[in-house]
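Just data-v3.txt here, compact mmCIF, C-alpha atoms and all ligand atoms:
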```
# COMPACT_ATOMS: atom_id res chain seq x y z
CA MET A 70 18.88 31.60 7.72
CA GLN A 71 16.16 29.42 6.17
CA ALA A 72 15.40 25.81 7.00
CA ALA A 73 12.67 23.31 6.20
CA GLY A 74 11.38 20.17 7.81
CA ILE A 75 8.52 17.75 8.27
CA ILE A 76 6.47 16.87 11.34
CA VAL A 77 6.31 13.12 10.77
CA TYR A 78 3.70 11.14 12.68
CA LYS A 79 2.12 7.73 12.82
CA GLU A 80 -1.24 6.63 14.19
CA ILE A 81 -1.47 3.63 16.47
CA GLU A 82 -4.76 2.69 18.09
CA GLN A 83 -6.12 6.16 17.29
CA LYS A 84 -3.17 7.81 19.02
CA VAL A 85 -1.04 10.25 17.04
CA LEU A 86 2.70 9.76 17.70
CA ILE A 87 5.14 12.47 16.58
CA LEU A 88 8.71 11.67 15.55
CA LEU A 89 11.41 13.67 17.34
CA LEU A 90 15.16 13.38 16.79
CA GLN A 91 17.80 14.27 19.37
CA THR A 92 20.92 16.08 18.10
CA SER A 93 24.28 14.48 18.75
CA TYR A 94 25.81 17.96 19.19
CA GLY A 95 25.28 21.08 21.27
CA GLU A 96 22.60 20.87 23.94
CA HIS A 97 21.22 17.62 22.46
CA HIS A 98 17.86 19.20 21.75
CA TRP A 99 14.91 17.44 20.12
CA THR A 100 13.16 18.52 16.92
CA PRO A 101 11.38 16.95 13.95
CA PRO A 102 13.65 16.21 10.99
CA LYS A 103 14.66 19.51 9.38
CA GLY A 104 17.67 21.48 8.29
CA THR A 105 19.16 24.43 6.58
CA ARG A 106 19.59 24.57 2.84
CA SER A 107 23.36 24.49 3.11
CA PHE A 108 25.87 24.48 0.25
CA PRO A 109 27.78 21.27 1.08
CA LYS A 110 24.61 19.25 1.63
CA MET A 111 23.07 20.59 -1.57
CA ILE A 112 26.14 19.62 -3.54
CA LEU A 113 26.91 16.24 -2.03
CA SER A 114 23.53 14.77 -1.23
CA PRO A 115 21.99 14.70 -4.73
CA ILE A 116 25.23 13.37 -6.20
CA LEU A 117 25.53 10.57 -3.65
CA ARG A 118 21.87 9.70 -3.26
CA HIS A 119 20.21 10.52 -6.55
CA ASN A 120 23.01 9.98 -9.08
CA MET A 121 22.78 13.56 -10.30
CA SER A 122 25.80 14.92 -12.12
CA TYR A 123 27.94 17.59 -10.53
CA GLN A 124 26.91 19.96 -13.34
CA GLN A 125 23.19 19.37 -12.71
CA VAL A 126 23.62 20.08 -9.03
CA VAL A 127 25.79 23.15 -9.44
CA SER A 128 23.48 24.69 -12.04
CA GLY A 129 20.53 24.07 -9.71
CA PHE A 130 22.37 25.77 -6.89
CA VAL A 131 23.50 28.73 -8.97
CA ASP A 132 20.07 29.16 -10.55
CA GLY A 133 18.52 29.88 -7.21
CA ASN A 134 17.10 28.10 -4.24
CA GLU A 135 16.26 24.56 -3.55
CA GLU A 136 12.48 24.49 -3.09
CA PRO A 137 11.67 24.42 0.64
CA LEU A 138 9.53 21.29 0.32
CA THR A 139 12.32 19.54 -1.60
CA ALA A 140 14.71 20.53 1.18
CA ALA A 141 12.25 19.23 3.80
CA TYR A 142 12.02 15.84 2.07
CA ARG A 143 15.80 15.69 1.63
CA GLU A 144 16.48 16.52 5.27
CA THR A 145 13.92 13.95 6.42
CA GLU A 146 15.63 11.29 4.36
CA GLU A 147 19.12 12.31 5.46
CA GLU A 148 18.27 12.61 9.14
CA ALA A 149 15.65 9.90 9.64
CA GLY A 150 16.11 7.61 6.65
CA LEU A 151 12.49 8.20 5.60
CA ARG A 152 12.09 8.66 1.87
CA ARG A 153 9.38 10.63 0.13
CA SER A 154 7.63 7.35 -0.71
CA ASP A 155 7.55 6.49 3.03
CA LEU A 156 5.43 9.58 3.73
CA VAL A 157 1.92 10.80 2.98
CA LEU A 158 2.06 14.59 2.96
CA HIS A 159 -0.81 16.83 4.06
CA GLU A 160 -0.32 19.46 1.38
CA ASP A 161 -2.69 21.88 3.12
CA PHE A 162 -0.61 22.08 6.31
CA LYS A 163 2.38 24.43 6.18
CA LYS A 164 3.59 26.55 9.10
CA THR A 165 6.60 28.74 9.74
CA LEU A 166 8.57 29.20 12.96
CA ASN A 167 10.79 32.25 13.44
CA TYR A 168 13.32 32.32 16.27
CA PHE A 169 16.81 33.40 17.21
CA ASP A 170 19.41 30.61 16.98
CA PRO A 171 21.86 31.27 19.83
CA SER A 172 24.45 28.77 18.56
CA LYS A 173 24.80 30.56 15.19
CA GLN A 174 23.78 34.01 16.49
CA LYS A 175 21.29 34.39 13.63
CA ASN A 176 17.57 34.72 13.15
CA LYS A 177 16.16 31.53 11.78
CA CYS A 178 13.02 30.73 9.80
CA VAL A 179 11.88 27.11 9.58
CA ILE A 180 9.02 25.98 7.34
CA TYR A 181 7.32 22.79 8.53
CA TRP A 182 5.02 20.44 6.67
CA LEU A 183 3.05 17.55 8.16
CA ALA A 184 3.18 13.96 6.94
CA LYS A 185 1.97 10.56 8.10
CA VAL A 186 4.16 7.51 7.56
CA ALA A 187 2.82 5.40 4.71
CA SER A 188 3.25 2.32 6.90
CA ASN A 189 3.79 1.92 10.62
CA GLU A 190 6.49 -0.61 9.76
CA VAL A 191 8.90 2.04 8.41
CA THR A 192 12.27 2.08 10.10
CA VAL A 193 13.95 5.27 11.27
CA LYS A 194 17.66 5.37 10.46
CA LEU A 195 19.62 8.17 12.09
CA SER A 196 22.64 9.95 10.61
CA SER A 197 25.62 11.08 12.66
CA GLU A 198 23.78 14.38 13.33
CA HIS A 199 21.42 12.63 15.77
CA ARG A 200 21.88 10.16 18.58
CA ASP A 201 18.32 9.12 19.45
CA PHE A 202 14.72 9.29 18.29
CA LYS A 203 11.29 8.84 19.87
CA TRP A 204 7.67 8.55 18.72
CA LEU A 205 5.70 10.62 21.24
CA GLU A 206 2.15 11.64 22.00
CA LEU A 207 1.41 15.36 21.90
CA PRO A 208 2.10 16.30 25.58
CA GLU A 209 5.39 14.40 25.67
CA ALA A 210 6.46 15.81 22.28
CA CYS A 211 5.73 19.37 23.46
CA ALA A 212 7.65 18.80 26.70
CA LEU A 213 10.68 17.28 24.99
CA ALA A 214 10.86 19.91 22.23
CA GLY A 215 11.03 22.46 25.03
CA HIS A 216 10.09 25.60 23.06
CA SER A 217 6.65 27.18 23.29
CA ASP A 218 6.48 27.95 19.56
CA MET A 219 7.24 24.32 18.75
CA ALA A 220 4.58 23.17 21.22
CA GLU A 221 2.06 25.49 19.52
CA LEU A 222 3.06 24.06 16.17
CA PHE A 223 2.46 20.48 17.37
CA GLN A 224 -0.87 21.56 18.86
CA SER A 225 -1.94 23.14 15.57
CA ALA A 226 -0.96 19.92 13.77
CA ALA A 227 -3.05 17.90 16.22
CA ASP A 228 -6.02 20.27 15.77
CA PHE A 229 -5.62 20.02 12.00
CA LEU A 230 -5.74 16.20 12.17
CA LYS A 231 -8.72 16.26 14.49
CA ARG A 232 -10.62 18.48 12.05
CA LYS A 233 -9.70 16.16 9.19
CA HIS A 234 -10.88 13.10 11.06
CA GLU A 235 -14.11 14.83 11.99
CA SER A 236 -14.75 15.78 8.40
CA PHE A 237 -14.10 12.17 7.29
CA PRO A 238 -15.79 10.13 10.04
CA ALA A 239 -15.05 6.43 10.20
CA LYS A 240 -17.90 4.34 8.74
N1 LIG B 301 25.75 23.77 19.28
C1 LIG B 301 26.37 23.17 18.26
N2 LIG B 301 27.57 22.58 18.42
C2 LIG B 301 28.19 21.99 17.39
N3 LIG B 301 27.68 21.91 16.14
C3 LIG B 301 26.50 22.47 15.93
C4 LIG B 301 25.78 23.12 16.97
N4 LIG B 301 24.61 23.57 16.46
C5 LIG B 301 24.61 23.23 15.15
N5 LIG B 301 25.75 22.57 14.83
C6 LIG B 301 26.10 22.06 13.50
O1 LIG B 301 25.07 22.43 12.61
C7 LIG B 301 24.67 21.28 11.84
C8 LIG B 301 23.17 21.30 11.61
O2 LIG B 301 22.81 22.54 11.12
P1 LIG B 301 21.64 22.71 10.05
O3 LIG B 301 21.97 22.02 8.79
O4 LIG B 301 21.41 24.16 10.00
O5 LIG B 301 20.43 21.89 10.64
P2 LIG B 301 19.42 22.29 11.75
O6 LIG B 301 18.66 21.07 12.13
O7 LIG B 301 18.59 23.44 11.29
O8 LIG B 301 20.44 22.74 12.89
P3 LIG B 301 20.31 23.02 14.42
O9 LIG B 301 20.15 21.78 15.20
O10 LIG B 301 21.47 23.90 14.78
O11 LIG B 301 18.99 23.91 14.47
P4 LIG B 301 17.84 24.17 15.54
O12 LIG B 301 17.06 25.30 14.94
O13 LIG B 301 17.09 22.95 15.90
O14 LIG B 301 18.60 24.63 16.84
C9 LIG B 301 19.42 25.76 16.90
C10 LIG B 301 19.21 26.44 18.24
O15 LIG B 301 17.91 27.00 18.29
C11 LIG B 301 17.17 26.45 19.38
N6 LIG B 301 15.80 26.16 18.91
C12 LIG B 301 15.40 25.08 18.22
N7 LIG B 301 14.08 25.13 17.96
C13 LIG B 301 13.64 26.30 18.51
C14 LIG B 301 12.37 26.93 18.57
N8 LIG B 301 11.28 26.35 18.02
N9 LIG B 301 12.26 28.11 19.20
C15 LIG B 301 13.36 28.71 19.76
N10 LIG B 301 14.61 28.16 19.72
C16 LIG B 301 14.75 26.96 19.10
C17 LIG B 301 17.87 25.19 19.80
O16 LIG B 301 17.67 24.91 21.15
C18 LIG B 301 19.32 25.50 19.45
O17 LIG B 301 19.91 26.22 20.50
C19 LIG B 301 25.07 20.08 12.63
O18 LIG B 301 25.49 19.04 11.80
C20 LIG B 301 26.22 20.56 13.46
O19 LIG B 301 27.40 20.26 12.78
```
Give the structure from this file in structure tokens form.
Ligand SMILES: Nc1ncnc2c1ncn2[C@@H]1O[C@H](COP(=O)(O)OP(=O)(O)OP(=O)(O)OP(=O)(O)OC[C@H]2O[C@@H](n3cnc4c(N)ncnc43)[C@H](O)[C@@H]2O)[C@@H](O)[C@H]1O
Amino acid sequence: MQAAGIIVYKEIEQKVLILLLQTSYGEHHWTPPKGTRSFPKMILSPILRHNMSYQQVVSGFVDGNEEPLTAAYRETEEEAGLRRSDLVLHEDFKKTLNYFDPSKQKNKCVIYWLAKVASNEVTVKLSSEHRDFKWLELPEACALAGHSDMAELFQSAADFLKRKHESFPAK
């Protein structure tokens, strides 16, 4: 099972705050916006949100896979209400998590990108799949996500940003 998502963050007073969403189902766990490239979403979402014709969508589906980054953007918009234009993507950050999903009894592979909000004024709008969201500093985000591989991912994102800031020092 393949999924894709985006670690969305904002910077306030030189603090990096990571966006986590809490599911409204199951164990109510917290993750960044992400999701599986599922058939119903692929069919309905472009039709409803992007005015694509049914034929365009079906031919895209039959032709192969939705690009993982496209899926990551789509999931972020569906789950958090943040559009592509609300985000500034770090194209050189891309990491994969592999784990066993106990609820679906399947191995899962999730590709994550990293993006900063274009403006700190953006508003998160949840879908019915989530019941809460938080912007958290690294230690709190790691604790709430609750999985060591996710904590390592957040840490590698923080290290990546630190290196970037160091290579572009403030004047
Ligand atoms: N328990 C449930 N009850 C009812 N409906 C449910 C359900 N679980 C999923 N659904 C349905 O599935 C839909 C969403 O499915 P998807 O469209 O597949 O979206 P997703 O965000 O990838 O799903 P999910 O929350 O299951 O995945 P995650 O990997 O975080 O989490 C999957 C599992 O892996 C664990 N996990 C998450 N991240 C992990 C990590 N980094 N390492 C190890 N385990 C991790 C989580 O704790 C969780 O147990 C929902 O709309 C809902 O209808």
Could you jot down the atom CA of Met219 of chain A to atom N9 of ligand LIG 301 (chain B) separation for me, Å, one decimal place?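 Interatomic distance here is 6.3 Å.
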Contacts of ligand LIG 301 (chain B), 10 Å or closer, all atoms listed in the file, given as number ranges by chain: A: 70-74, 90-110, 144, 148, 165-179, 196-199, 214-222
Identify which of the residues A:Arg143, A:Arg153, A:Lys163, A:Arg200 lies closest to Ile76 of chain A, counting all atoms listed in the file when measuring atom-to-atom distances.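 Of A:Arg143, A:Arg153, A:Lys163, A:Arg200, the one nearest Ile76 of chain A is A:Lys163, counting all atoms listed in the file.
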If I take atom CA of Pro208 of chain A and atom CA of Leu138 of chain A, how far is one from the other in Å, to one decimal?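 Between these atoms lies a distance of 26.8 Å.
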Residue nearest Phe162 of chain A - candidates A:Tyr78, A:Phe202, A:Tyr142, A:Phe229, atoms counted: all atoms listed in the file: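 Of A:Tyr78, A:Phe202, A:Tyr142, A:Phe229, the one nearest Phe162 of chain A, counting all atoms listed in the file, is A:Phe229.
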Atom CA of Leu151 of chain A to atom CA of Leu183 of chain A: how many Å, to one decimal?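 Taking atom CA of Leu151 of chain A as the start and atom CA of Leu183 of chain A as the end point, the length is 13.5 Å.
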Find the residue from A:Val77, A:Val186, A:Leu158, A:Leu89 that sits nearest to Leu205 of chain A; use all atoms listed in the file when measuring.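 Of A:Val77, A:Val186, A:Leu158, A:Leu89, the one nearest Leu205 of chain A, counting all atoms listed in the file, is A:Leu89.
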Kindly reconstruct segment 155-168 of chain A with N, CA, C and O atoms and present the result as a JSON list (two decimals), in the frame of the given file.
```
[["chain", "number", "residue", "atom", "x", "y", "z"],
["A", 155, "ASP", "N", 7.93, 7.00, 1.70],
["A", 155, "ASP", "CA", 7.55, 6.49, 3.03],
["A", 155, "ASP", "C", 6.54, 7.40, 3.71],
["A", 155, "ASP", "O", 6.08, 7.11, 4.82],
["A", 156, "LEU", "N", 6.22, 8.54, 3.07],
["A", 156, "LEU", "CA", 5.43, 9.58, 3.73],
["A", 156, "LEU", "C", 4.19, 9.94, 2.91],
["A", 156, "LEU", "O", 4.22, 9.92, 1.68],
["A", 157, "VAL", "N", 3.13, 10.28, 3.63],
["A", 157, "VAL", "CA", 1.92, 10.80, 2.98],
["A", 157, "VAL", "C", 1.75, 12.23, 3.47],
["A", 157, "VAL", "O", 1.43, 12.47, 4.64],
["A", 158, "LEU", "N", 2.03, 13.18, 2.58],
["A", 158, "LEU", "CA", 2.06, 14.59, 2.96],
["A", 158, "LEU", "C", 0.65, 15.19, 3.01],
["A", 158, "LEU", "O", -0.18, 14.92, 2.14],
["A", 159, "HIS", "N", 0.41, 16.01, 4.05],
["A", 159, "HIS", "CA", -0.81, 16.83, 4.06],
["A", 159, "HIS", "C", -0.43, 18.15, 3.39],
["A", 159, "HIS", "O", 0.19, 19.02, 4.02],
["A", 160, "GLU", "N", -0.79, 18.29, 2.14],
["A", 160, "GLU", "CA", -0.32, 19.46, 1.38],
["A", 160, "GLU", "C", -0.90, 20.76, 1.90],
["A", 160, "GLU", "O", -0.37, 21.83, 1.64],
["A", 161, "ASP", "N", -2.03, 20.66, 2.63],
["A", 161, "ASP", "CA", -2.69, 21.88, 3.12],
["A", 161, "ASP", "C", -2.25, 22.26, 4.53],
["A", 161, "ASP", "O", -2.88, 23.10, 5.16],
["A", 162, "PHE", "N", -1.17, 21.65, 5.03],
["A", 162, "PHE", "CA", -0.61, 22.08, 6.31],
["A", 162, "PHE", "C", 0.82, 22.57, 6.07],
["A", 162, "PHE", "O", 1.69, 21.81, 5.64],
["A", 163, "LYS", "N", 1.05, 23.84, 6.36],
["A", 163, "LYS", "CA", 2.38, 24.43, 6.18],
["A", 163, "LYS", "C", 2.50, 25.59, 7.16],
["A", 163, "LYS", "O", 1.69, 26.53, 7.10],
["A", 164, "LYS", "N", 3.45, 25.50, 8.07],
["A", 164, "LYS", "CA", 3.59, 26.55, 9.10],
["A", 164, "LYS", "C", 5.05, 26.97, 9.21],
["A", 164, "LYS", "O", 5.95, 26.16, 8.99],
["A", 165, "THR", "N", 5.23, 28.21, 9.62],
["A", 165, "THR", "CA", 6.60, 28.74, 9.74],
["A", 165, "THR", "C", 6.90, 29.13, 11.18],
["A", 165, "THR", "O", 6.07, 29.74, 11.85],
["A", 166, "LEU", "N", 8.08, 28.75, 11.65],
["A", 166, "LEU", "CA", 8.57, 29.20, 12.96],
["A", 166, "LEU", "C", 9.71, 30.20, 12.72],
["A", 166, "LEU", "O", 10.57, 29.97, 11.88],
["A", 167, "ASN", "N", 9.69, 31.27, 13.50],
["A", 167, "ASN", "CA", 10.79, 32.25, 13.44],
["A", 167, "ASN", "C", 11.38, 32.38, 14.84],
["A", 167, "ASN", "O", 10.63, 32.63, 15.79],
["A", 168, "TYR", "N", 12.69, 32.18, 14.97],
["A", 168, "TYR", "CA", 13.32, 32.32, 16.27],
["A", 168, "TYR", "C", 14.80, 32.68, 16.10],
["A", 168, "TYR", "O", 15.34, 32.61, 15.00]]
```
